[in-house]
Amino acid sequence: DPMKHLAILLMISVSLFGSTHRDPTQRVQFQRTHPCPATGKKSGACKGYVVDHVVPLACGGKDHPSNMQWQTVADAKAKDRVERKGCGH
């Protein structure tokens, strides 16, 4: 059964690489306490920046403001390339 195999693969990947579930309310809370570096706004878009998880979700990091930081788009792309290689698993 293909669906059963898919479910098993998903469970294995989550157990090996952590959950990547994102709770949008956590990002909102982060921005309320860490305004956008470009605009100083506590909500809305932040041109040129993204919210980054310091410890990636896929590596066991928490989706919580304490694990978030502003990062330039260029820096985020570079970090993502490194993170895609794995989390030391």
# chains A, B, ... in the order shown; residues from 1 in each chain; ligands from 1
call {"tool": "residues_around", "arguments": {"residues": "Asp80 in chain A", "least_positions_apart": "2", "cutoff": "12 Å", "atoms": "only C-alpha atoms", "output": "ChimeraX atom specification"}}
result
/A:52-58,71,73-78,82-87
call {"tool": "residues_around", "arguments": {"residues": "range 61-69 of chain A", "least_positions_apart": "5", "cutoff": "10 Å", "atoms": "only C-alpha atoms", "output": "PDB file with C-alpha atoms, in the first residue's frame"}}
result
ATOM      1  CA  GLY A  18      12.933  16.588  13.786  1.00  0.00           C
ATOM      2  CA  SER A  19       9.682  18.307  13.073  1.00  0.00           C
ATOM      3  CA  THR A  20       9.480  21.255  10.716  1.00  0.00           C
ATOM      4  CA  HIS A  21       6.015  22.350  11.842  1.00  0.00           C
ATOM      5  CA  ARG A  22       5.729  26.109  12.092  1.00  0.00           C
ATOM      6  CA  ASP A  23       3.225  27.887  14.284  1.00  0.00           C
ATOM      7  CA  PRO A  24       2.505  31.327  12.748  1.00  0.00           C
ATOM      8  CA  THR A  25       1.657  32.769  16.164  1.00  0.00           C
ATOM      9  CA  GLN A  26       5.264  32.177  17.276  1.00  0.00           C
ATOM     10  CA  ARG A  27       6.601  34.340  14.442  1.00  0.00           C
ATOM     11  CA  VAL A  28       4.085  37.080  15.296  1.00  0.00           C
ATOM     12  CA  GLN A  29       5.204  36.964  18.938  1.00  0.00           C
ATOM     13  CA  PHE A  30       8.859  37.166  17.845  1.00  0.00           C
ATOM     14  CA  GLN A  31       8.232  40.249  15.713  1.00  0.00           C
ATOM     15  CA  ARG A  32       6.308  41.978  18.511  1.00  0.00           C
ATOM     16  CA  THR A  33       9.378  41.778  20.721  1.00  0.00           C
ATOM     17  CA  HIS A  34      11.978  42.081  17.917  1.00  0.00           C
ATOM     18  CA  TYR A  49      14.914  40.153   6.023  1.00  0.00           C
ATOM     19  CA  VAL A  50      13.459  36.818   7.057  1.00  0.00           C
ATOM     20  CA  VAL A  51      12.820  35.257  10.436  1.00  0.00           C
ATOM     21  CA  ASP A  52      15.366  32.479  10.885  1.00  0.00           C
ATOM     22  CA  HIS A  53      15.374  29.591  13.335  1.00  0.00           C
ATOM     23  CA  VAL A  54      18.826  29.677  14.977  1.00  0.00           C
ATOM     24  CA  VAL A  55      18.702  25.909  15.514  1.00  0.00           C
ATOM     25  CA  PRO A  56      16.810  24.631  12.459  1.00  0.00           C
TER      26      PRO A  56
END
call {"tool": "atom_distance", "arguments": {"atom1": "CA of Trp70 in chain A", "atom2": "CA of Lys47 in chain A"}}
result
11.2 Å
